Every structure is written in C-alpha cells, then in structure tokens.
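S.K.: Enclosed is the structure file start03.cif (mmCIF, C-alpha atoms).
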```cif
data_protein
#
loop_
_atom_site.group_PDB
_atom_site.id
_atom_site.type_symbol
_atom_site.label_atom_id
_atom_site.label_comp_id
_atom_site.auth_asym_id
_atom_site.auth_seq_id
_atom_site.Cartn_x
_atom_site.Cartn_y
_atom_site.Cartn_z
ATOM 1 C CA ALA A 94 -7.414 -11.746 -15.229
ATOM 2 C CA ASN A 95 -8.286 -10.229 -18.617
ATOM 3 C CA ARG A 96 -8.445 -6.763 -17.104
ATOM 4 C CA LEU A 97 -5.002 -7.126 -15.502
ATOM 5 C CA ALA A 98 -3.546 -8.482 -18.740
ATOM 6 C CA GLN A 99 -4.966 -5.497 -20.615
ATOM 7 C CA SER A 100 -3.561 -3.088 -18.031
ATOM 8 C CA LYS A 101 -0.122 -4.678 -18.257
ATOM 9 C CA LYS A 102 -0.256 -4.341 -22.044
ATOM 10 C CA ASN A 103 -1.547 -0.729 -22.132
ATOM 11 C CA VAL A 104 0.303 0.886 -19.226
ATOM 12 C CA PRO A 105 4.030 1.664 -19.603
ATOM 13 C CA HIS A 106 5.115 0.417 -16.182
ATOM 14 C CA TYR A 107 8.288 1.288 -14.358
ATOM 15 C CA TYR A 108 9.197 0.148 -10.865
ATOM 16 C CA LEU A 109 10.779 1.744 -7.800
ATOM 17 C CA THR A 110 11.895 -0.548 -4.960
ATOM 18 C CA VAL A 111 13.162 0.495 -1.544
ATOM 19 C CA ASP A 112 14.019 -1.212 1.732
ATOM 20 C CA ILE A 113 12.389 0.528 4.695
ATOM 21 C CA ALA A 114 13.481 0.305 8.333
ATOM 22 C CA MET A 115 10.291 -0.423 10.250
ATOM 23 C CA ASP A 116 11.512 -0.141 13.855
ATOM 24 C CA GLU A 117 10.040 3.328 14.466
ATOM 25 C CA LEU A 118 6.759 2.441 12.766
ATOM 26 C CA LEU A 119 6.444 -0.660 14.971
ATOM 27 C CA LYS A 120 6.977 1.526 18.056
ATOM 28 C CA LEU A 121 4.306 3.918 16.781
ATOM 29 C CA ARG A 122 1.916 1.000 16.202
ATOM 30 C CA SER A 123 2.476 -0.206 19.760
ATOM 31 C CA THR A 124 1.876 3.294 21.171
ATOM 32 C CA LEU A 125 -1.289 3.842 19.109
ATOM 33 C CA SER A 126 -2.652 0.377 19.925
ATOM 34 C CA GLY A 127 -2.112 1.080 23.629
ATOM 35 C CA ALA A 128 -3.896 4.419 23.349
ATOM 36 C CA ILE A 129 -6.877 2.948 21.498
ATOM 37 C CA GLY A 130 -7.370 0.091 23.948
ATOM 38 C CA LYS A 131 -7.003 -3.663 24.245
ATOM 39 C CA ASP A 132 -9.872 -4.447 21.876
ATOM 40 C CA SER A 133 -8.202 -2.693 18.931
ATOM 41 C CA ASN A 134 -4.815 -3.921 17.812
ATOM 42 C CA LEU A 135 -3.583 -1.908 14.853
ATOM 43 C CA GLY A 136 -1.695 -3.699 12.100
ATOM 44 C CA VAL A 137 1.193 -2.551 9.959
ATOM 45 C CA TYR A 138 -1.069 -2.606 6.862
ATOM 46 C CA GLU A 139 -3.289 0.174 8.234
ATOM 47 C CA LEU A 140 -0.282 2.385 8.977
ATOM 48 C CA ILE A 141 1.136 1.776 5.495
ATOM 49 C CA VAL A 142 -2.231 2.660 3.931
ATOM 50 C CA LYS A 143 -2.323 5.903 5.939
ATOM 51 C CA ALA A 144 1.296 6.725 5.007
ATOM 52 C CA ALA A 145 0.542 6.000 1.342
ATOM 53 C CA ALA A 146 -2.443 8.357 1.467
ATOM 54 C CA ALA A 147 -0.263 11.087 2.994
ATOM 55 C CA SER A 148 2.286 10.526 0.208
ATOM 56 C CA MET A 149 -0.402 10.812 -2.439
ATOM 57 C CA LYS A 150 -1.566 14.085 -0.893
ATOM 58 C CA ALA A 151 2.027 15.364 -0.913
ATOM 59 C CA VAL A 152 2.492 14.349 -4.572
ATOM 60 C CA PRO A 153 -0.959 14.925 -6.132
ATOM 61 C CA SER A 154 0.308 14.215 -9.655
ATOM 62 C CA ALA A 155 0.579 10.558 -8.596
ATOM 63 C CA ASN A 156 -3.035 10.517 -7.380
ATOM 64 C CA ALA A 157 -4.192 10.759 -10.971
ATOM 65 C CA ALA A 158 -5.474 8.814 -13.957
ATOM 66 C CA TRP A 159 -4.575 8.695 -17.647
ATOM 67 C CA MET A 160 -7.694 9.587 -19.676
ATOM 68 C CA ASP A 161 -6.290 9.292 -23.245
ATOM 69 C CA SER A 162 -5.961 13.011 -23.986
ATOM 70 C CA VAL A 163 -5.772 14.416 -20.436
ATOM 71 C CA VAL A 164 -4.524 13.486 -16.970
ATOM 72 C CA ARG A 165 -7.198 13.683 -14.282
ATOM 73 C CA VAL A 166 -5.878 14.568 -10.811
ATOM 74 C CA TYR A 167 -8.071 13.520 -7.871
ATOM 75 C CA ASP A 168 -8.610 15.466 -4.655
ATOM 76 C CA SER A 169 -9.591 12.453 -2.566
ATOM 77 C CA VAL A 170 -7.226 9.529 -1.992
ATOM 78 C CA ASP A 171 -9.396 6.409 -2.337
ATOM 79 C CA ILE A 172 -7.281 3.313 -1.765
ATOM 80 C CA ASN A 173 -8.082 -0.192 -2.940
ATOM 81 C CA VAL A 174 -6.663 -2.655 -0.413
ATOM 82 C CA VAL A 175 -5.982 -6.257 -1.307
ATOM 83 C CA VAL A 176 -7.652 -8.739 1.054
ATOM 84 C CA GLY A 177 -8.531 -12.372 0.670
ATOM 85 C CA THR A 178 -8.654 -15.892 1.948
ATOM 86 C CA GLY A 179 -7.163 -18.925 0.300
ATOM 87 C CA ASP A 180 -6.623 -18.462 -3.428
ATOM 88 C CA LYS A 181 -9.095 -15.575 -3.930
ATOM 89 C CA LEU A 182 -8.108 -11.935 -3.576
ATOM 90 C CA TYR A 183 -10.428 -8.918 -3.521
ATOM 91 C CA THR A 184 -9.761 -5.182 -3.719
ATOM 92 C CA PRO A 185 -12.354 -3.207 -1.730
ATOM 93 C CA VAL A 186 -11.908 0.558 -1.625
ATOM 94 C CA ILE A 187 -11.393 2.668 1.488
ATOM 95 C CA ARG A 188 -12.588 6.153 0.600
ATOM 96 C CA ASP A 189 -10.780 9.368 1.549
ATOM 97 C CA CYS A 190 -7.877 7.731 3.401
ATOM 98 C CA GLY A 191 -6.155 11.102 3.537
ATOM 99 C CA GLY A 192 -8.970 12.496 5.677
ATOM 100 C CA LYS A 193 -9.364 9.463 7.962
ATOM 101 C CA GLY A 194 -7.488 8.447 11.059
ATOM 102 C CA VAL A 195 -5.638 5.166 11.366
ATOM 103 C CA LYS A 196 -8.391 3.705 13.588
ATOM 104 C CA SER A 197 -11.066 4.414 10.945
ATOM 105 C CA ILE A 198 -8.891 2.837 8.256
ATOM 106 C CA SER A 199 -8.304 -0.172 10.528
ATOM 107 C CA ASP A 200 -12.054 -0.578 11.160
ATOM 108 C CA GLU A 201 -12.833 -0.487 7.424
ATOM 109 C CA LEU A 202 -10.017 -2.907 6.635
ATOM 110 C CA ASN A 203 -11.264 -5.327 9.307
ATOM 111 C CA SER A 204 -14.828 -5.000 7.956
ATOM 112 C CA ALA A 205 -13.553 -5.873 4.463
ATOM 113 C CA VAL A 206 -11.770 -8.964 5.799
ATOM 114 C CA GLU A 207 -14.937 -10.029 7.638
ATOM 115 C CA ALA A 208 -16.983 -9.518 4.454
ATOM 116 C CA VAL A 209 -14.594 -11.757 2.523
ATOM 117 C CA GLU A 210 -14.779 -14.439 5.200
ATOM 118 C CA SER A 211 -18.595 -14.317 5.304
ATOM 119 C CA GLY A 212 -19.047 -13.920 1.534
ATOM 120 C CA GLU A 213 -21.209 -10.808 2.009
ATOM 121 C CA PHE A 214 -19.749 -8.192 -0.321
ATOM 122 C CA GLY A 215 -20.832 -4.552 -0.267
ATOM 123 C CA SER A 216 -20.530 -1.890 -2.954
ATOM 124 C CA GLU A 217 -16.970 -1.081 -1.859
ATOM 125 C CA PHE A 218 -15.850 -4.350 -3.468
ATOM 126 C CA ALA A 219 -16.969 -3.177 -6.927
ATOM 127 C CA THR A 220 -15.502 0.329 -6.745
ATOM 128 C CA MET A 221 -12.232 1.515 -8.252
ATOM 129 C CA GLY A 222 -10.141 3.828 -6.107
ATOM 130 C CA THR A 223 -7.292 6.120 -7.116
ATOM 131 C CA PHE A 224 -4.475 3.905 -5.813
ATOM 132 C CA THR A 225 -3.905 0.273 -4.793
ATOM 133 C CA VAL A 226 -1.892 -1.025 -1.831
ATOM 134 C CA MET A 227 -1.249 -4.748 -1.525
ATOM 135 C CA ASN A 228 0.289 -6.441 1.497
ATOM 136 C CA LEU A 229 1.913 -9.630 0.288
ATOM 137 C CA GLY A 230 3.945 -9.990 3.466
ATOM 138 C CA MET A 231 1.099 -12.022 4.979
ATOM 139 C CA TYR A 232 1.998 -14.708 2.413
ATOM 140 C CA GLY A 233 5.718 -14.555 3.257
ATOM 141 C CA ILE A 234 6.575 -12.782 -0.002
ATOM 142 C CA LYS A 235 9.542 -10.423 0.223
ATOM 143 C CA SER A 236 8.801 -8.236 -2.798
ATOM 144 C CA CYS A 237 6.509 -7.948 -5.801
ATOM 145 C CA ALA A 238 6.175 -5.631 -8.800
ATOM 146 C CA PRO A 239 2.400 -5.037 -8.899
ATOM 147 C CA ILE A 240 0.398 -4.548 -12.078
ATOM 148 C CA ILE A 241 -1.314 -1.160 -12.199
ATOM 149 C CA ARG A 242 -5.084 -1.450 -12.545
ATOM 150 C CA GLU A 243 -6.374 1.049 -15.102
ATOM 151 C CA PRO A 244 -7.276 3.887 -14.794
ATOM 152 C CA GLN A 245 -5.025 4.136 -11.717
ATOM 153 C CA SER A 246 -1.468 5.394 -12.224
ATOM 154 C CA VAL A 247 0.351 3.745 -9.326
ATOM 155 C CA ALA A 248 0.232 0.580 -7.233
ATOM 156 C CA LEU A 249 2.241 -0.256 -4.114
ATOM 157 C CA ALA A 250 3.223 -3.736 -2.949
ATOM 158 C CA ILE A 251 4.732 -4.319 0.477
ATOM 159 C CA GLY A 252 6.578 -7.456 1.492
ATOM 160 C CA ALA A 253 7.138 -9.414 4.676
ATOM 161 C CA LEU A 254 8.796 -7.858 7.698
ATOM 162 C CA GLU A 255 12.111 -9.502 8.475
ATOM 163 C CA ASN A 256 15.048 -8.975 10.786
ATOM 164 C CA ARG A 257 18.168 -7.953 8.882
ATOM 165 C CA ILE A 258 21.671 -6.884 9.814
ATOM 166 C CA VAL A 259 22.180 -3.331 8.545
ATOM 167 C CA PRO A 260 24.810 -0.584 8.961
ATOM 168 C CA ASN A 261 24.469 1.186 12.305
ATOM 169 C CA ASP A 262 23.542 4.844 11.805
ATOM 170 C CA ASP A 263 24.023 5.727 15.494
ATOM 171 C CA PRO A 264 27.145 7.942 15.683
ATOM 172 C CA ASP A 265 27.515 7.232 19.434
ATOM 173 C CA SER A 266 27.591 3.462 19.031
ATOM 174 C CA GLU A 267 30.790 1.441 18.800
ATOM 175 C CA GLU A 268 28.993 -1.259 16.818
ATOM 176 C CA ILE A 269 29.326 -1.081 13.031
ATOM 177 C CA TYR A 270 26.136 -3.076 12.389
ATOM 178 C CA LYS A 271 22.798 -3.479 14.102
ATOM 179 C CA GLU A 272 19.722 -5.669 13.763
ATOM 180 C CA SER A 273 16.686 -3.897 12.316
ATOM 181 C CA VAL A 274 13.197 -4.899 11.192
ATOM 182 C CA MET A 275 13.071 -4.195 7.456
ATOM 183 C CA MET A 276 10.412 -4.281 4.751
ATOM 184 C CA THR A 277 10.768 -4.127 0.973
ATOM 185 C CA ALA A 278 8.247 -1.933 -0.872
ATOM 186 C CA THR A 279 7.804 -1.626 -4.640
ATOM 187 C CA LEU A 280 5.868 1.152 -6.352
ATOM 188 C CA SER A 281 4.695 0.549 -9.920
ATOM 189 C CA CYS A 282 4.161 3.773 -11.875
ATOM 190 C CA ASP A 283 2.462 4.641 -15.161
ATOM 191 C CA HIS A 284 5.130 6.589 -17.070
ATOM 192 C CA ARG A 285 2.477 8.565 -18.963
ATOM 193 C CA VAL A 286 1.315 10.138 -15.698
ATOM 194 C CA VAL A 287 4.125 9.794 -13.160
ATOM 195 C CA ASP A 288 7.480 10.556 -14.752
ATOM 196 C CA GLY A 289 10.758 9.395 -13.225
ATOM 197 C CA ALA A 290 11.427 12.706 -11.456
ATOM 198 C CA VAL A 291 8.077 12.537 -9.619
ATOM 199 C CA GLY A 292 8.273 8.806 -8.820
#
```
Using the file provided, produce a representation of the structure as structure tokens.
M.R.:
Amino acid sequence: ANRLAQSKKNVPHYYLTVDIAMDELLKLRSTLSGAIGKDSNLGVYELIVKAAAASMKAVPSANAAWMDSVVRVYDSVDINVVVGTGDKLYTPVIRDCGGKGVKSISDELNSAVEAVESGEFGSEFATMGTFTVMNLGMYGIKSCAPIIREPQSVALAIGALENRIVPNDDPDSEEIYKESVMMTATLSCDHRVVDGAVG
C-alpha cells in the first residue's frame, strides 16, 4: 500500500480509455482453444497479455522506465499480471511475453493462479516487470484507472465483457445497430516517459 501511494504521488499519471469490440478476439480464442485441444481452454486474459506485449514491442518508448535523469528502454516485455483469491492480489511476472506464444503465456498464468491457491510462491512473485496488466472483469468491474507501479511507465486495466448495442459498421446490412461483446480498457501512462502523442 505504501509503495502504491508513493507511486501515485511521484508519477504524473494520465489516462486513456477505449471501448473495444471483442467479437473477433472471442472467435480467435475459440479457434486457438480448438487447435490446442480439449485440455487447454484459453482465456481472454492471455490474449490481452499477448496483445499488450505486441503493442509494447511496436511502441518501445512505452516499454521503459523513468530513472531520474534518463529513460531506460527495455528490449524484453516482462508483464506483471494481477492474480488473486479473495481480498489478496498478487502480481507475478511473465518474462518475455513478446517472444512467447499464447499457450506458453496461458500455462504461466495458470501456474501463477495455482501458486496463489496453494500459497507456494516462486521468485516470479517478487520480480518487477516492465508493464502491468490487470483483469478486473473477473470481479464484474467495468473500468478502472490503475496506479502505475514504479519504475514502470504504463499499466493497463481491462474490465468485464458485456453485450452492448452499438452502431452497425456492416455496409451491406439494413440494420442500423447490432449487438456486440465489448470491453473497456484503460491505460495509465507516466507523462515523463510516455507523452500524449505516443500514448
């Protein structure tokens, strides 16, 4: 708690919130889960973590840390994921998400959840990554503006998936609106590192 309070005080936060249509991602999840086999059912969280890692690779200035007089840019995208049970949350790191497949990320995420449930924590629970992704949708929360954990420069919070009525973007359809699965995502940025044009 003290560390988060200090980060909130030290880091000049700004927030970017978008609503994302998830229909195509859900189809991709179904296809990948079918290809992997019945024993492995991929979740949305794993796909978001992989997409976030790809975004960090595409915008390396966001995969960076403020070091008082310099900005350190990292090659590897090491993502802290928020997992927990009850009222306790933990942030184990998944190393090199940019270089891993979705199945590897899923296996590590599942291992972290099992470690939390068993109370057997490995070194990954004490390690700081370069970026944090938190899935608050599992608690029914629609959106959240996450606090950046120093020395990281960005943190992403994703909300619950929900069916919404949205404008129909199909030019061949006679319907003006359609039902779509939507998710709200908020990215918190450190303005010292990630300026508004980059964010």
S.K.: Could you give me, as a tab-separated table, every segment 99-155 of chain A residue with an atom at most 8 Å from segment 219-243 of chain A, plus its closest atom pair and distance in Å to one decimal, counting all atoms listed in the file, rows ordered by chain then number?
M.R.:
```
residue	atom	partner	partner_atom	distance
A:Ser100	CA	A:Glu243	CA	5.8
A:Lys101	CA	A:Ile240	CA	6.2
A:Val104	CA	A:Ile241	CA	7.5
A:His106	CA	A:Ile241	CA	7.7
A:Tyr108	CA	A:Ala238	CA	6.8
A:Tyr138	CA	A:Asn228	CA	6.7
A:Val142	CA	A:Val226	CA	6.8
```
S.K.: Counting all atoms listed in the file, what are the residues of segment 106-151 of chain A within 12 Å of segment 253-266 of chain A, and for each of them which pair of atoms is the nearest and at what distance in Å, to one decimal? Sort the table by chain and rising number, as a tab-separated table.
M.R.:
```
residue	atom	partner	partner_atom	distance
A:Asp112	CA	A:Leu254	CA	10.3
A:Ile113	CA	A:Leu254	CA	9.6
A:Ala114	CA	A:Val259	CA	9.4
A:Met115	CA	A:Leu254	CA	8.0
A:Asp116	CA	A:Asn256	CA	10.0
A:Leu118	CA	A:Leu254	CA	11.7
A:Leu119	CA	A:Leu254	CA	10.5
A:Val137	CA	A:Leu254	CA	9.5
A:Tyr138	CA	A:Ala253	CA	10.9
```
S.K.: Up to 9 Å from (-1.6, 10.7, 5.2) in the file's coordinates: name the residues, counting all atoms listed in the file, as a ChimeraX atom specification.
M.R.: /A:142-151,190-194
S.K.: Could you turn the residues from that selection into a file that holds C-alpha atoms, as a JSON list (two decimals), in the coordinates of the input?
M.R.:
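Result went into result_11.json, see below:
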```json
[["chain", "number", "residue", "atom", "x", "y", "z"],
["A", 142, "VAL", "CA", -2.23, 2.66, 3.93],
["A", 143, "LYS", "CA", -2.32, 5.90, 5.94],
["A", 144, "ALA", "CA", 1.30, 6.72, 5.01],
["A", 145, "ALA", "CA", 0.54, 6.00, 1.34],
["A", 146, "ALA", "CA", -2.44, 8.36, 1.47],
["A", 147, "ALA", "CA", -0.26, 11.09, 2.99],
["A", 148, "SER", "CA", 2.29, 10.53, 0.21],
["A", 149, "MET", "CA", -0.40, 10.81, -2.44],
["A", 150, "LYS", "CA", -1.57, 14.08, -0.89],
["A", 151, "ALA", "CA", 2.03, 15.36, -0.91],
["A", 190, "CYS", "CA", -7.88, 7.73, 3.40],
["A", 191, "GLY", "CA", -6.16, 11.10, 3.54],
["A", 192, "GLY", "CA", -8.97, 12.50, 5.68],
["A", 193, "LYS", "CA", -9.36, 9.46, 7.96],
["A", 194, "GLY", "CA", -7.49, 8.45, 11.06]]
```
S.K.: Taking all atoms listed in the file into account, name the residue in A:Ala208, A:Trp159, A:Arg122, A:Glu267 that is nearest to Pro105 of chain A.
M.R.: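 Selected residue with least distance to Pro105 of chain A: A:Trp159.
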S.K.: Looking at A:Val186, A:Leu121, A:Met160, A:Cys282, which one is nearest to Phe214 of chain A, with distances taken over all atoms listed in the file?
M.R.: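 Closest residue, counting all atoms listed in the file: A:Val186.
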S.K.: In Å, how far is it from atom CA of Val174 of chain A to atom CA of Leu202 of chain A?
M.R.: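 So the two atoms, atom CA of Val174 of chain A and atom CA of Leu202 of chain A, lie 7.8 Å apart.
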S.K.: Distance atom CA of Leu135 of chain A-atom CA of Ser211 of chain A, one decimal place?
M.R.: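 Separation of atom CA of Leu135 of chain A and atom CA of Ser211 of chain A: 21.7 Å.
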S.K.: Can you translate the PyMOL selection byres ((chain A and resi 168) around 8) into the concrete residues it hits in this file, as a list of chain:residue names?
M.R.: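 This file gives the following for the PyMOL selection byres ((chain A and resi 168) around 8): A:Pro153, A:Asn156, A:Val166, A:Tyr167, A:Ser169, A:Val170.
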S.K.: Separation of atom CA of Pro244 of chain A and atom CA of Val176 of chain A, in Å?
M.R.: 20.3 Å
S.K.: To test your reading of the syntax: which residues would the PyMOL selection byres ((chain A and resi 134) around 12) return for the file shown? Reply as a PDB file with C-alpha atoms, keeping the file's coordinate frame.
M.R.:
```pdb
ATOM      1  CA  ARG A 122       1.916   1.000  16.202  1.00  0.00           C
ATOM      2  CA  SER A 123       2.476  -0.206  19.760  1.00  0.00           C
ATOM      3  CA  THR A 124       1.876   3.294  21.171  1.00  0.00           C
ATOM      4  CA  LEU A 125      -1.289   3.842  19.109  1.00  0.00           C
ATOM      5  CA  SER A 126      -2.652   0.377  19.925  1.00  0.00           C
ATOM      6  CA  GLY A 127      -2.112   1.080  23.629  1.00  0.00           C
ATOM      7  CA  ALA A 128      -3.896   4.419  23.349  1.00  0.00           C
ATOM      8  CA  ILE A 129      -6.877   2.948  21.498  1.00  0.00           C
ATOM      9  CA  GLY A 130      -7.370   0.091  23.948  1.00  0.00           C
ATOM     10  CA  LYS A 131      -7.003  -3.663  24.245  1.00  0.00           C
ATOM     11  CA  ASP A 132      -9.872  -4.447  21.876  1.00  0.00           C
ATOM     12  CA  SER A 133      -8.202  -2.693  18.931  1.00  0.00           C
ATOM     13  CA  LEU A 135      -3.583  -1.908  14.853  1.00  0.00           C
ATOM     14  CA  GLY A 136      -1.695  -3.699  12.100  1.00  0.00           C
ATOM     15  CA  VAL A 137       1.193  -2.551   9.959  1.00  0.00           C
ATOM     16  CA  TYR A 138      -1.069  -2.606   6.862  1.00  0.00           C
ATOM     17  CA  GLU A 139      -3.289   0.174   8.234  1.00  0.00           C
ATOM     18  CA  LEU A 140      -0.282   2.385   8.977  1.00  0.00           C
ATOM     19  CA  VAL A 195      -5.638   5.166  11.366  1.00  0.00           C
ATOM     20  CA  LYS A 196      -8.391   3.705  13.588  1.00  0.00           C
ATOM     21  CA  SER A 199      -8.304  -0.172  10.528  1.00  0.00           C
ATOM     22  CA  ASP A 200     -12.054  -0.578  11.160  1.00  0.00           C
ATOM     23  CA  ASN A 203     -11.264  -5.327   9.307  1.00  0.00           C
TER      24      ASN A 203
END
```
S.K.: Pick out the residues sitting within 8 Å of segment 181-185 of chain A, and hand them over as a list in words; count all atoms listed in the file, and ignore anything fewer than 2 positions along from it in its own chain.
M.R.: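 Listed by chain and then number, they are Asn173, Val174, Val175, Val176, Gly177, Thr178, Gly179, Ile187, Ala205, Val209, Glu217, Phe218, Ala219 and Thr220 of chain A.
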S.K.: Next, the residues of the selection above should be written as a compact mmCIF listing (two decimals), in the coordinates of the input with C-alpha atoms.
M.R.:
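The resulting again-v4.txt:
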```txt
# COMPACT_ATOMS: atom_id res chain seq x y z
CA ASN A 173 -8.08 -0.19 -2.94
CA VAL A 174 -6.66 -2.66 -0.41
CA VAL A 175 -5.98 -6.26 -1.31
CA VAL A 176 -7.65 -8.74 1.05
CA GLY A 177 -8.53 -12.37 0.67
CA THR A 178 -8.65 -15.89 1.95
CA GLY A 179 -7.16 -18.92 0.30
CA ILE A 187 -11.39 2.67 1.49
CA ALA A 205 -13.55 -5.87 4.46
CA VAL A 209 -14.59 -11.76 2.52
CA GLU A 217 -16.97 -1.08 -1.86
CA PHE A 218 -15.85 -4.35 -3.47
CA ALA A 219 -16.97 -3.18 -6.93
CA THR A 220 -15.50 0.33 -6.74
```
S.K.: Selected by the PyMOL selection byres ((chain A and resi 111) around 9) in the shown coordinates: which residues, as a list in words?
M.R.: Leu109, Thr110, Asp112, Ile113, Met276, Thr277, Ala278, Thr279 and Leu280 of chain A
